[in-house]
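One file, work.pdb, is given below (PDB, C-alpha atoms).
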ATOM      1  CA  MET A 235     -47.729   6.409  75.575
ATOM      2  CA  ALA A 236     -44.094   5.477  74.983
ATOM      3  CA  GLU A 237     -45.308   2.081  73.783
ATOM      4  CA  THR A 238     -47.607   3.699  71.218
ATOM      5  CA  ASN A 239     -44.834   5.895  69.877
ATOM      6  CA  GLU A 240     -42.619   2.882  69.423
ATOM      7  CA  ILE A 241     -45.250   1.001  67.467
ATOM      8  CA  THR A 242     -46.766   3.638  65.232
ATOM      9  CA  ALA A 243     -43.679   5.591  64.170
ATOM     10  CA  LYS A 244     -43.990   5.873  60.394
ATOM     11  CA  LEU A 245     -41.413   4.616  57.940
ATOM     12  CA  ASN A 246     -39.660   7.778  56.810
ATOM     13  CA  LYS A 247     -38.228   7.544  53.314
ATOM     14  CA  GLY A 248     -35.713  10.197  54.271
ATOM     15  CA  ASP A 249     -34.220   7.762  56.769
ATOM     16  CA  LEU A 250     -33.454   5.402  53.918
ATOM     17  CA  SER A 251     -31.315   7.866  52.007
ATOM     18  CA  ASP A 252     -28.265   8.026  54.286
ATOM     19  CA  GLY A 253     -26.240   5.568  52.244
ATOM     20  CA  TRP A 254     -27.689   6.361  48.834
ATOM     21  CA  ALA A 255     -25.084   9.011  48.020
ATOM     22  CA  LYS A 256     -22.534   6.201  47.767
ATOM     23  CA  LEU A 257     -24.537   4.626  44.952
ATOM     24  CA  LYS A 258     -24.123   7.543  42.538
ATOM     25  CA  ASP A 259     -23.823   6.633  38.858
ATOM     26  CA  ARG A 260     -24.805   2.975  39.352
ATOM     27  CA  LYS A 261     -27.295   1.762  36.737
ATOM     28  CA  PRO A 262     -29.247  -1.517  36.596
ATOM     29  CA  GLU A 263     -28.266  -4.043  33.943
ATOM     30  CA  ARG A 264     -31.918  -4.984  33.465
ATOM     31  CA  VAL A 265     -35.220  -3.237  34.122
ATOM     32  CA  LEU A 266     -38.194  -5.297  35.296
ATOM     33  CA  ASP A 267     -41.810  -4.613  34.421
ATOM     34  CA  VAL A 268     -43.649  -6.045  37.427
ATOM     35  CA  HIS A 269     -47.363  -6.306  38.184
ATOM     36  CA  ILE A 270     -48.401  -6.970  41.775
ATOM     37  CA  GLY A 271     -51.582  -7.852  43.601
ATOM     38  CA  ALA A 272     -51.915  -7.982  47.384
ATOM     39  CA  GLN A 273     -54.698  -8.804  49.827
ATOM     40  CA  THR A 274     -54.915  -9.407  53.563
ATOM     41  CA  ASP A 275     -57.986 -10.617  55.399
ATOM     42  CA  LEU A 276     -59.100 -11.347  58.951
ATOM     43  CA  GLY A 277     -60.464 -14.766  58.017
ATOM     44  CA  ARG A 278     -63.628 -16.196  59.513
ATOM     45  CA  VAL A 279     -62.437 -17.043  63.023
ATOM     46  CA  ARG A 280     -59.859 -14.543  64.298
ATOM     47  CA  GLU A 281     -60.798 -11.281  66.005
ATOM     48  CA  ASN A 282     -57.796  -9.289  64.796
ATOM     49  CA  ASN A 283     -55.435  -9.455  61.848
ATOM     50  CA  GLU A 284     -51.826 -10.161  62.812
ATOM     51  CA  ASP A 285     -50.683 -10.426  59.178
ATOM     52  CA  LYS A 286     -48.992  -7.571  57.314
ATOM     53  CA  PHE A 287     -47.564  -7.022  53.869
ATOM     54  CA  ALA A 288     -45.284  -4.285  52.582
ATOM     55  CA  PHE A 289     -43.309  -3.436  49.466
ATOM     56  CA  LEU A 290     -41.033  -0.751  48.097
ATOM     57  CA  GLU A 291     -40.390  -0.198  44.387
ATOM     58  CA  PRO A 292     -37.834   2.598  44.106
ATOM     59  CA  GLU A 293     -37.619   4.587  40.887
ATOM     60  CA  GLU A 294     -34.053   5.804  41.470
ATOM     61  CA  LEU A 295     -31.747   3.949  39.055
ATOM     62  CA  GLU A 296     -28.955   3.762  41.643
ATOM     63  CA  LEU A 297     -31.238   1.999  44.098
ATOM     64  CA  LEU A 298     -32.596  -0.334  41.450
ATOM     65  CA  ALA A 299     -29.041  -1.248  40.463
ATOM     66  CA  VAL A 300     -27.944  -2.102  44.005
ATOM     67  CA  LYS A 301     -31.094  -3.112  45.914
ATOM     68  CA  GLY A 302     -33.822  -3.764  43.328
ATOM     69  CA  LEU A 303     -37.484  -4.141  44.325
ATOM     70  CA  LEU A 304     -38.584  -5.587  47.675
ATOM     71  CA  TYR A 305     -41.815  -7.331  48.717
ATOM     72  CA  ALA A 306     -42.590  -8.949  52.076
ATOM     73  CA  VAL A 307     -45.255 -10.745  54.116
ATOM     74  CA  ALA A 308     -45.214 -11.233  57.897
ATOM     75  CA  ASP A 309     -47.489 -13.320  60.134
ATOM     76  CA  GLY A 310     -47.381 -12.186  63.749
ATOM     77  CA  MET A 311     -48.031 -14.192  66.890
ATOM     78  CA  GLY A 312     -48.680 -13.384  70.535
ATOM     79  CA  GLY A 313     -51.651 -12.276  72.630
ATOM     80  CA  HIS A 314     -52.939  -8.788  73.407
ATOM     81  CA  SER A 315     -52.259  -7.446  69.877
ATOM     82  CA  SER A 316     -48.604  -8.444  70.174
ATOM     83  CA  GLY A 317     -48.697 -10.271  66.853
ATOM     84  CA  GLN A 318     -49.874  -7.164  65.039
ATOM     85  CA  ILE A 319     -47.078  -5.154  66.601
ATOM     86  CA  ALA A 320     -44.436  -7.760  65.806
ATOM     87  CA  SER A 321     -45.374  -8.086  62.127
ATOM     88  CA  GLU A 322     -45.574  -4.332  61.648
ATOM     89  CA  LEU A 323     -42.281  -3.759  63.424
ATOM     90  CA  ALA A 324     -40.621  -6.499  61.368
ATOM     91  CA  LEU A 325     -41.625  -5.054  58.011
ATOM     92  CA  LYS A 326     -40.698  -1.489  58.914
ATOM     93  CA  ALA A 327     -37.296  -2.617  60.163
ATOM     94  CA  LEU A 328     -36.789  -4.829  57.112
ATOM     95  CA  LEU A 329     -37.477  -2.083  54.559
ATOM     96  CA  LYS A 330     -35.554   0.595  56.413
ATOM     97  CA  THR A 331     -32.496  -1.589  57.042
ATOM     98  CA  TYR A 332     -32.414  -3.219  53.605
ATOM     99  CA  PHE A 333     -32.641   0.008  51.616
ATOM    100  CA  GLY A 334     -30.463   1.920  54.050
ATOM    101  CA  ASP A 335     -27.614  -0.539  53.486
ATOM    102  CA  PRO A 336     -25.464   0.365  50.421
ATOM    103  CA  ASN A 337     -24.059  -3.169  50.298
ATOM    104  CA  ASP A 338     -24.732  -4.654  46.858
ATOM    105  CA  ASP A 339     -24.572  -8.254  48.156
ATOM    106  CA  VAL A 340     -28.320  -8.877  48.308
ATOM    107  CA  PRO A 341     -28.284 -12.124  50.360
ATOM    108  CA  VAL A 342     -26.029 -10.502  52.964
ATOM    109  CA  SER A 343     -28.228  -7.408  53.044
ATOM    110  CA  ILE A 344     -31.431  -9.452  53.444
ATOM    111  CA  THR A 345     -29.889 -11.530  56.215
ATOM    112  CA  SER A 346     -28.709  -8.413  58.036
ATOM    113  CA  ALA A 347     -32.105  -6.711  57.716
ATOM    114  CA  LEU A 348     -33.967  -9.743  59.083
ATOM    115  CA  ARG A 349     -31.556  -9.976  62.007
ATOM    116  CA  VAL A 350     -32.090  -6.288  62.803
ATOM    117  CA  ALA A 351     -35.850  -6.874  62.721
ATOM    118  CA  ASN A 352     -35.396  -9.848  65.045
ATOM    119  CA  SER A 353     -33.464  -7.716  67.547
ATOM    120  CA  TYR A 354     -36.096  -4.965  67.547
ATOM    121  CA  ILE A 355     -38.908  -7.419  68.244
ATOM    122  CA  TYR A 356     -36.974  -9.386  70.852
ATOM    123  CA  ASP A 357     -35.986  -6.205  72.711
ATOM    124  CA  ALA A 358     -39.545  -4.851  72.577
ATOM    125  CA  GLY A 359     -40.844  -8.077  74.066
ATOM    126  CA  ARG A 360     -38.362  -7.916  76.920
ATOM    127  CA  MET A 361     -39.006  -4.248  77.709
ATOM    128  CA  ILE A 362     -42.805  -4.499  77.775
ATOM    129  CA  PRO A 363     -44.126  -7.372  79.933
ATOM    130  CA  GLU A 364     -47.408  -7.570  78.007
ATOM    131  CA  ARG A 365     -45.441  -8.182  74.818
ATOM    132  CA  GLU A 366     -43.221 -10.973  76.138
ATOM    133  CA  GLY A 367     -43.081 -13.864  73.706
ATOM    134  CA  MET A 368     -44.302 -11.908  70.710
ATOM    135  CA  GLY A 369     -42.861 -12.804  67.344
ATOM    136  CA  THR A 370     -43.540 -13.087  63.643
ATOM    137  CA  THR A 371     -42.672 -15.055  60.569
ATOM    138  CA  CYS A 372     -41.348 -13.156  57.567
ATOM    139  CA  VAL A 373     -40.810 -13.989  53.921
ATOM    140  CA  CYS A 374     -39.391 -11.395  51.547
ATOM    141  CA  LEU A 375     -38.596 -11.212  47.847
ATOM    142  CA  ALA A 376     -35.955  -8.951  46.293
ATOM    143  CA  LEU A 377     -35.902  -8.626  42.499
ATOM    144  CA  ARG A 378     -32.723  -7.160  41.011
ATOM    145  CA  ASP A 379     -31.752  -7.322  37.347
ATOM    146  CA  ASP A 380     -32.588 -10.913  36.320
ATOM    147  CA  GLU A 381     -32.258 -12.470  39.769
ATOM    148  CA  ALA A 382     -34.669 -13.095  42.645
ATOM    149  CA  PHE A 383     -33.535 -13.445  46.263
ATOM    150  CA  ILE A 384     -35.978 -14.832  48.815
ATOM    151  CA  GLY A 385     -35.396 -14.453  52.540
ATOM    152  CA  ASN A 386     -37.364 -16.540  55.007
ATOM    153  CA  VAL A 387     -37.862 -17.050  58.739
ATOM    154  CA  GLY A 388     -40.807 -19.211  59.805
ATOM    155  CA  ASP A 389     -43.542 -20.895  57.778
ATOM    156  CA  SER A 390     -44.754 -18.092  55.548
ATOM    157  CA  ARG A 391     -43.986 -19.193  52.018
ATOM    158  CA  CYS A 392     -42.747 -18.148  48.610
ATOM    159  CA  TYR A 393     -43.960 -20.050  45.557
ATOM    160  CA  LEU A 394     -42.767 -19.673  41.970
ATOM    161  CA  LEU A 395     -45.119 -20.239  39.045
ATOM    162  CA  ARG A 396     -43.158 -20.863  35.828
ATOM    163  CA  ASP A 397     -44.498 -22.272  32.567
ATOM    164  CA  GLY A 398     -47.736 -23.249  34.295
ATOM    165  CA  ALA A 399     -46.063 -25.276  37.057
ATOM    166  CA  LEU A 400     -46.011 -24.169  40.701
ATOM    167  CA  ARG A 401     -43.047 -24.847  42.980
ATOM    168  CA  GLN A 402     -42.508 -23.983  46.650
ATOM    169  CA  VAL A 403     -39.204 -22.109  46.875
ATOM    170  CA  THR A 404     -38.865 -21.767  50.651
ATOM    171  CA  ASP A 405     -38.660 -24.475  53.296
ATOM    172  CA  ASP A 406     -41.037 -24.167  56.246
ATOM    173  CA  HIS A 407     -39.295 -23.605  59.552
ATOM    174  CA  SER A 408     -41.822 -25.796  61.340
ATOM    175  CA  TRP A 409     -41.832 -29.088  63.205
ATOM    176  CA  VAL A 410     -43.735 -30.916  60.475
ATOM    177  CA  GLY A 411     -41.607 -29.286  57.785
ATOM    178  CA  GLU A 412     -38.514 -30.739  59.401
ATOM    179  CA  GLN A 413     -40.128 -34.186  59.517
ATOM    180  CA  VAL A 414     -40.891 -33.964  55.795
ATOM    181  CA  ARG A 415     -37.305 -32.980  54.980
ATOM    182  CA  ARG A 416     -36.039 -35.923  57.045
ATOM    183  CA  GLY A 417     -38.337 -38.281  55.171
ATOM    184  CA  LEU A 418     -40.351 -39.123  58.297
ATOM    185  CA  PHE A 419     -43.595 -37.491  57.084
ATOM    186  CA  SER A 420     -45.142 -37.247  53.650
ATOM    187  CA  LYS A 421     -46.408 -33.832  52.624
ATOM    188  CA  GLU A 422     -49.970 -35.102  53.029
ATOM    189  CA  GLU A 423     -49.233 -36.346  56.560
ATOM    190  CA  ALA A 424     -47.691 -33.000  57.436
ATOM    191  CA  GLU A 425     -50.756 -31.112  56.233
ATOM    192  CA  ALA A 426     -53.010 -33.313  58.382
ATOM    193  CA  SER A 427     -50.817 -33.199  61.495
ATOM    194  CA  PRO A 428     -52.168 -31.445  64.606
ATOM    195  CA  PHE A 429     -48.657 -29.997  65.009
ATOM    196  CA  ARG A 430     -48.531 -28.324  61.604
ATOM    197  CA  ASN A 431     -48.690 -24.848  63.179
ATOM    198  CA  VAL A 432     -45.701 -25.398  65.473
ATOM    199  CA  ILE A 433     -42.896 -23.289  64.039
ATOM    200  CA  THR A 434     -39.232 -23.772  64.922
ATOM    201  CA  ARG A 435     -37.897 -20.363  63.864
ATOM    202  CA  SER A 436     -39.358 -16.854  64.049
ATOM    203  CA  LEU A 437     -38.358 -13.226  64.427
ATOM    204  CA  GLY A 438     -38.344 -12.151  68.067
ATOM    205  CA  ALA A 439     -38.238 -15.545  69.737
ATOM    206  CA  ALA A 440     -34.527 -15.392  70.634
ATOM    207  CA  PRO A 441     -31.690 -12.845  70.656
ATOM    208  CA  ASP A 442     -30.351 -14.222  67.386
ATOM    209  CA  VAL A 443     -31.946 -15.795  64.339
ATOM    210  CA  GLU A 444     -30.629 -17.577  61.239
ATOM    211  CA  PRO A 445     -32.619 -16.585  58.143
ATOM    212  CA  GLU A 446     -32.472 -18.656  54.997
ATOM    213  CA  VAL A 447     -31.929 -16.931  51.658
ATOM    214  CA  TYR A 448     -32.671 -18.571  48.311
ATOM    215  CA  ARG A 449     -31.656 -17.438  44.836
ATOM    216  CA  GLU A 450     -33.610 -17.911  41.616
ATOM    217  CA  GLU A 451     -32.841 -16.750  38.091
ATOM    218  CA  ILE A 452     -35.825 -14.774  36.823
ATOM    219  CA  LYS A 453     -37.494 -15.464  33.493
ATOM    220  CA  GLU A 454     -40.142 -13.379  31.791
ATOM    221  CA  ASP A 455     -43.672 -14.318  32.874
ATOM    222  CA  ASP A 456     -42.470 -15.794  36.168
ATOM    223  CA  THR A 457     -44.916 -15.176  39.004
ATOM    224  CA  PHE A 458     -43.955 -15.261  42.672
ATOM    225  CA  VAL A 459     -46.552 -15.806  45.400
ATOM    226  CA  LEU A 460     -45.741 -14.716  48.961
ATOM    227  CA  CYS A 461     -48.233 -15.833  51.591
ATOM    228  CA  SER A 462     -48.895 -16.484  55.253
ATOM    229  CA  ASP A 463     -49.945 -19.956  56.387
ATOM    230  CA  GLY A 464     -53.524 -18.733  56.361
ATOM    231  CA  LEU A 465     -53.332 -19.427  52.636
ATOM    232  CA  SER A 466     -51.030 -22.462  52.449
ATOM    233  CA  GLY A 467     -52.867 -24.175  55.314
ATOM    234  CA  TYR A 468     -56.254 -23.964  53.570
ATOM    235  CA  VAL A 469     -55.601 -23.832  49.829
ATOM    236  CA  THR A 470     -53.772 -26.620  48.029
ATOM    237  CA  ASP A 471     -50.787 -26.054  45.766
ATOM    238  CA  GLN A 472     -52.915 -27.223  42.848
ATOM    239  CA  GLU A 473     -55.563 -24.614  43.595
ATOM    240  CA  ILE A 474     -52.932 -21.891  43.927
ATOM    241  CA  GLN A 475     -51.455 -22.914  40.584
ATOM    242  CA  GLU A 476     -54.825 -22.850  38.813
ATOM    243  CA  ILE A 477     -55.897 -19.498  40.250
ATOM    244  CA  VAL A 478     -52.602 -17.706  39.618
ATOM    245  CA  SER A 479     -52.274 -19.179  36.111
ATOM    246  CA  GLY A 480     -55.736 -18.010  35.099
ATOM    247  CA  SER A 481     -55.856 -14.521  36.621
ATOM    248  CA  SER A 482     -54.140 -11.163  36.712
ATOM    249  CA  SER A 483     -51.987 -10.493  39.763
ATOM    250  CA  ALA A 484     -54.674  -8.341  41.387
ATOM    251  CA  MET A 485     -57.503 -10.803  40.783
ATOM    252  CA  ALA A 486     -55.360 -13.788  41.772
ATOM    253  CA  ALA A 487     -54.726 -12.235  45.189
ATOM    254  CA  VAL A 488     -58.458 -11.616  45.662
ATOM    255  CA  LYS A 489     -59.427 -15.123  44.549
ATOM    256  CA  LEU A 490     -56.821 -16.821  46.722
ATOM    257  CA  VAL A 491     -58.056 -15.043  49.845
ATOM    258  CA  GLU A 492     -61.637 -15.894  48.935
ATOM    259  CA  ARG A 493     -60.700 -19.552  48.452
ATOM    260  CA  ALA A 494     -58.994 -19.708  51.860
ATOM    261  CA  ASN A 495     -62.167 -18.342  53.467
ATOM    262  CA  GLU A 496     -64.320 -20.772  51.499
ATOM    263  CA  HIS A 497     -62.236 -23.599  52.986
ATOM    264  CA  GLY A 498     -62.890 -22.432  56.537
ATOM    265  CA  GLY A 499     -60.838 -19.256  56.944
ATOM    266  CA  GLY A 500     -59.458 -20.451  60.274
ATOM    267  CA  ASP A 501     -56.574 -17.975  60.240
ATOM    268  CA  ASN A 502     -55.637 -14.534  58.974
ATOM    269  CA  VAL A 503     -54.662 -14.809  55.322
ATOM    270  CA  THR A 504     -52.285 -12.605  53.356
ATOM    271  CA  VAL A 505     -51.163 -12.969  49.753
ATOM    272  CA  MET A 506     -48.854 -11.019  47.459
ATOM    273  CA  VAL A 507     -48.714 -12.001  43.778
ATOM    274  CA  VAL A 508     -45.662 -10.570  42.009
ATOM    275  CA  ALA A 509     -45.621 -11.154  38.235
ATOM    276  CA  VAL A 510     -42.567 -10.361  36.114
ATOM    277  CA  ARG A 511     -44.016  -9.369  32.749
ATOM    278  CA  GLU A 512     -40.842  -8.238  31.027
ATOM    279  CA  ILE A 513     -37.071  -8.085  31.550
ATOM    280  CA  ARG A 514     -35.421  -5.455  29.330
ATOM    281  CA  LYS A 515     -32.288  -3.385  29.015
ATOM    282  CA  PRO A 516     -32.387   0.166  30.441
ATOM    283  CA  GLY A 517     -33.568   2.637  27.836
ATOM    284  CA  LYS A 518     -35.343   0.008  25.757
ATOM    285  CA  GLN A 519     -39.058   0.646  25.303
ATOM    286  CA  SER A 520     -41.358  -1.785  27.036
ATOM    287  CA  ARG A 521     -43.299  -4.114  24.763
ATOM    288  CA  PHE A 522     -46.438  -3.057  26.634
ATOM    289  CA  SER A 523     -45.739   0.571  25.744
ATOM    290  CA  ARG A 524     -45.308  -0.452  22.119
ATOM    291  CA  LEU A 525     -48.557  -2.424  22.143
ATOM    292  CA  PHE A 526     -50.602   0.409  23.640
ATOM    293  CA  GLY A 527     -48.812   3.279  21.914
ATOM    294  CA  ARG A 528     -47.299   4.760  25.069
TER     295      ARG A 528
END

Kindly return the structure encoded in the file as structure tokens.
Amino acid sequence: MAETNEITAKLNKGDLSDGWAKLKDRKPERVLDVHIGAQTDLGRVRENNEDKFAFLEPEELELLAVKGLLYAVADGMGGHSSGQIASELALKALLKTYFGDPNDDVPVSITSALRVANSYIYDAGRMIPEREGMGTTCVCLALRDDEAFIGNVGDSRCYLLRDGALRQVTDDHSWVGEQVRRGLFSKEEAEASPFRNVITRSLGAAPDVEPEVYREEIKEDDTFVLCSDGLSGYVTDQEIQEIVSGSSSAMAAVKLVERANEHGGGDNVTVMVVAVREIRKPGKQSRFSRLFGR
């Protein structure tokens, strides 16, 4: 029973507010109008879904000014439902730690939150023999003012679609990914390799972890795609680009999952499509409100 309590304890928003009092009177320099779509699916082979996604879009101006909006995808691993537990634990720890930290240095805050999540999963695996070796990948996206910060551990990915062109922002922490970066494999060879699922970094695998954090300047109409390898391993970058370019965020997420299943669905697949429709100054009316008379 103690194990169940550890796993299913709900994320309590009240727990996030401890440091918020310190943020009084902070206001964001820019307000983002963001549309999101998210889907997760078992796939056609697996018996349980070890993928998770989570997001938090605070309305408090102080929080928006310091922490922004946060979106995340995790892909768990380990037998006996351990992967499900690891991915859920990672995302709960990530959101709670990130928003509970009043530090306005977003890369530092993301790194700290991912390390806390790593410790929780590693300790849980050591305390419960059936969970030994459990872990998860995690990719997260923080949007604050006109900047995006992407944190990554493992081979879940973040893509950026800008002006019709798709670009992978994150580097895969995988054996084949390292060979590509060293110039020993082409991308096509990596995708065909039998070792493409061997990851070199994950949350929970060791007492410490070194996340990578990337920064991107945001432009209006940018679209970010967060996904597990159940998408990137079955759907080409070209297909992702075409689907996201031609669909709303919600429909793009649905179509991407469907395409992964059409191509075999050999893994759980999770997708979050985060579209930045407008970047405006606080107090300025949204162009969408003006168009629709709101």

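Between CA of Asp471 in chain A and CA of Met485 in chain A the interatomic distance comes to 17.4 Å.
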
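Taking CA of Leu394 in chain A and CA of Thr457 in chain A as endpoints, the distance between them is 5.8 Å.
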
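If you measure from each of A:Asp335, A:Glu364, A:Glu450, A:Glu476 to Gly385 in chain A using all atoms listed in the file, the closest one turns out to be A:Glu450.
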
Pull out every residue that the PyMOL selection byres ((chain A and resi 504) around 8) matches in the shown coordinates and put them as number ranges by chain. A: 272-275, 285-287, 307, 461-462, 464-465, 491, 502-503, 505-506

Separation of CA of Ser321 in chain A from CA of Leu375 in chain A, in Å and rounded to one decimal: 16.1 Å

Can you list, as an mmCIF file with C-alpha atoms, in the coordinates of the input, every protein, DNA or RNA residue that comes within 12 Å of Asp397 in chain A when you count all atoms listed in the file, leaving out same-chain residues fewer than 4 positions away?
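Result went into selection.cif, see below:
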data_model
loop_
_atom_site.group_PDB
_atom_site.id
_atom_site.type_symbol
_atom_site.label_atom_id
_atom_site.label_comp_id
_atom_site.auth_asym_id
_atom_site.auth_seq_id
_atom_site.Cartn_x
_atom_site.Cartn_y
_atom_site.Cartn_z
ATOM 1 C CA ARG A 401 -43.047 -24.847 42.980
ATOM 2 C CA LYS A 453 -37.494 -15.464 33.493
ATOM 3 C CA GLU A 454 -40.142 -13.379 31.791
ATOM 4 C CA ASP A 455 -43.672 -14.318 32.874
ATOM 5 C CA ASP A 456 -42.470 -15.794 36.168
ATOM 6 C CA THR A 457 -44.916 -15.176 39.004
ATOM 7 C CA GLN A 475 -51.455 -22.914 40.584
ATOM 8 C CA VAL A 478 -52.602 -17.706 39.618
ATOM 9 C CA SER A 479 -52.274 -19.179 36.111
#

Here is a test: counting all atoms listed in the file, which residue of A:Pro336, A:Gly480, A:Gly500, A:Pro341 is nearest to Glu281 in chain A? A:Gly500

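Once only C-alpha atoms are considered, the residues situated within 6 Å of the file point (-46.0, -12.1, 44.1) turn out to be Phe458, Val459, Leu460, Met506, Val507, Val508 and Ala509 of chain A.
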
Would you mind listing what lies within 8 Å of Pro445 in chain A as a PyMOL selection string, with only C-alpha atoms counted and same-chain residues fewer than 2 positions away left out? chain A and resi 345+348-349+385-387+443+447

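Within the file as shown, the PyMOL selection byres ((chain A and resi 484) around 8) identifies A:Ile270, A:Gly271, A:Ala272, A:Ser481, A:Ser482, A:Ser483, A:Met485, A:Ala486, A:Ala487, A:Val488, A:Val507.
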
Could you put an axis-aligned box around every listed atom of range 376-385 of chain A, padded by 8 Å on each side, and send me its centre and edge lengths in Å to one decimal, as JSON?
{"center_x": -33.9, "center_y": -11.0, "center_z": 44.4, "size_x": 20.2, "size_y": 23.7, "size_z": 32.2}

Suppose a student applies the PyMOL selection byres ((chain A and resi 494) around 8) to this structure; what residues should they get, written as a PyMOL selection string? chain A and resi 464-465+468-469+490-493+495-499+503

For the residues in the current selection, export C-alpha atoms as an mmCIF file, keeping the file's coordinate frame.
data_model
loop_
_atom_site.group_PDB
_atom_site.id
_atom_site.type_symbol
_atom_site.label_atom_id
_atom_site.label_comp_id
_atom_site.auth_asym_id
_atom_site.auth_seq_id
_atom_site.Cartn_x
_atom_site.Cartn_y
_atom_site.Cartn_z
ATOM 1 C CA GLY A 464 -53.524 -18.733 56.361
ATOM 2 C CA LEU A 465 -53.332 -19.427 52.636
ATOM 3 C CA TYR A 468 -56.254 -23.964 53.570
ATOM 4 C CA VAL A 469 -55.601 -23.832 49.829
ATOM 5 C CA LEU A 490 -56.821 -16.821 46.722
ATOM 6 C CA VAL A 491 -58.056 -15.043 49.845
ATOM 7 C CA GLU A 492 -61.637 -15.894 48.935
ATOM 8 C CA ARG A 493 -60.700 -19.552 48.452
ATOM 9 C CA ASN A 495 -62.167 -18.342 53.467
ATOM 10 C CA GLU A 496 -64.320 -20.772 51.499
ATOM 11 C CA HIS A 497 -62.236 -23.599 52.986
ATOM 12 C CA GLY A 498 -62.890 -22.432 56.537
ATOM 13 C CA GLY A 499 -60.838 -19.256 56.944
ATOM 14 C CA VAL A 503 -54.662 -14.809 55.322
#

Surrounding residues of Arg435 in chain A excluding itself and chain neighbours under 2 positions, 12 Å, all atoms listed in the file, as number ranges by chain: A: 352, 369-372, 386-390, 405-409, 411-412, 431-433, 437-446

Could you take the residues named above and write them with C-alpha atoms, as a short mmCIF file (atom, residue, chain, number, x, y, z; two decimals), keeping the file's coordinate frame?
data_model
loop_
_atom_site.label_atom_id
_atom_site.label_comp_id
_atom_site.auth_asym_id
_atom_site.auth_seq_id
_atom_site.Cartn_x
_atom_site.Cartn_y
_atom_site.Cartn_z
CA ASN A 352 -35.40 -9.85 65.04
CA GLY A 369 -42.86 -12.80 67.34
CA THR A 370 -43.54 -13.09 63.64
CA THR A 371 -42.67 -15.06 60.57
CA CYS A 372 -41.35 -13.16 57.57
CA ASN A 386 -37.36 -16.54 55.01
CA VAL A 387 -37.86 -17.05 58.74
CA GLY A 388 -40.81 -19.21 59.80
CA ASP A 389 -43.54 -20.90 57.78
CA SER A 390 -44.75 -18.09 55.55
CA ASP A 405 -38.66 -24.48 53.30
CA ASP A 406 -41.04 -24.17 56.25
CA HIS A 407 -39.30 -23.60 59.55
CA SER A 408 -41.82 -25.80 61.34
CA TRP A 409 -41.83 -29.09 63.20
CA GLY A 411 -41.61 -29.29 57.78
CA GLU A 412 -38.51 -30.74 59.40
CA ASN A 431 -48.69 -24.85 63.18
CA VAL A 432 -45.70 -25.40 65.47
CA ILE A 433 -42.90 -23.29 64.04
CA LEU A 437 -38.36 -13.23 64.43
CA GLY A 438 -38.34 -12.15 68.07
CA ALA A 439 -38.24 -15.54 69.74
CA ALA A 440 -34.53 -15.39 70.63
CA PRO A 441 -31.69 -12.84 70.66
CA ASP A 442 -30.35 -14.22 67.39
CA VAL A 443 -31.95 -15.80 64.34
CA GLU A 444 -30.63 -17.58 61.24
CA PRO A 445 -32.62 -16.58 58.14
CA GLU A 446 -32.47 -18.66 55.00
#

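Among the candidates A:Leu298, A:Tyr448, A:Phe289, A:Phe383, the residue lying nearest to Pro516 in chain A is A:Leu298 (atoms considered: only C-alpha atoms).
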
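Among A:Met361, A:Ile319, A:Ile513, A:Ala351, the residue with the shortest atom-to-atom distance to Arg378 in chain A, counting only C-alpha atoms, is A:Ile513.
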
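The neighbours of Gly367 in chain A here are the residues that come within 9 Å of it, using all atoms listed in the file and leaving out any residue fewer than 6 positions away in the same chain; they are Met311, Gly312, Gly313, Ser316, Tyr356, Gly359, Arg360, Gly438 and Ala439 of chain A.
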
With C-alpha atoms retained, write the just-selected residues as a PDB file, keeping the file's coordinate frame.
ATOM      1  CA  MET A 311     -48.031 -14.192  66.890  1.00  0.00           C
ATOM      2  CA  GLY A 312     -48.680 -13.384  70.535  1.00  0.00           C
ATOM      3  CA  GLY A 313     -51.651 -12.276  72.630  1.00  0.00           C
ATOM      4  CA  SER A 316     -48.604  -8.444  70.174  1.00  0.00           C
ATOM      5  CA  TYR A 356     -36.974  -9.386  70.852  1.00  0.00           C
ATOM      6  CA  GLY A 359     -40.844  -8.077  74.066  1.00  0.00           C
ATOM      7  CA  ARG A 360     -38.362  -7.916  76.920  1.00  0.00           C
ATOM      8  CA  GLY A 438     -38.344 -12.151  68.067  1.00  0.00           C
ATOM      9  CA  ALA A 439     -38.238 -15.545  69.737  1.00  0.00           C
TER      10      ALA A 439
END

Selection near Lys515 in chain A, 7 Å with all atoms listed in the file, sequence-local residues under 2 positions removed, as a list in words: Glu263, Arg264, Val265, Gly517 and Lys518 of chain A

Reconstructed range 331-336 of chain A, atom set N, CA and C atoms, as a tab-separated table (two decimals), in the coordinates of the input:
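Result file is selection.tsv:
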chain	number	residue	atom	x	y	z
A	331	THR	N	-33.86	-1.07	56.96
A	331	THR	CA	-32.50	-1.59	57.04
A	331	THR	C	-32.00	-2.04	55.67
A	332	TYR	N	-32.84	-2.71	54.92
A	332	TYR	CA	-32.41	-3.22	53.60
A	332	TYR	C	-32.04	-2.07	52.66
A	333	PHE	N	-32.91	-1.08	52.55
A	333	PHE	CA	-32.64	0.01	51.62
A	333	PHE	C	-31.66	1.04	52.17
A	334	GLY	N	-31.46	1.03	53.47
A	334	GLY	CA	-30.46	1.92	54.05
A	334	GLY	C	-29.06	1.38	53.98
A	335	ASP	N	-28.91	0.13	53.56
A	335	ASP	CA	-27.61	-0.54	53.49
A	335	ASP	C	-27.09	-0.45	52.05
A	336	PRO	N	-25.98	0.25	51.79
A	336	PRO	CA	-25.46	0.36	50.42
A	336	PRO	C	-24.75	-0.88	49.92
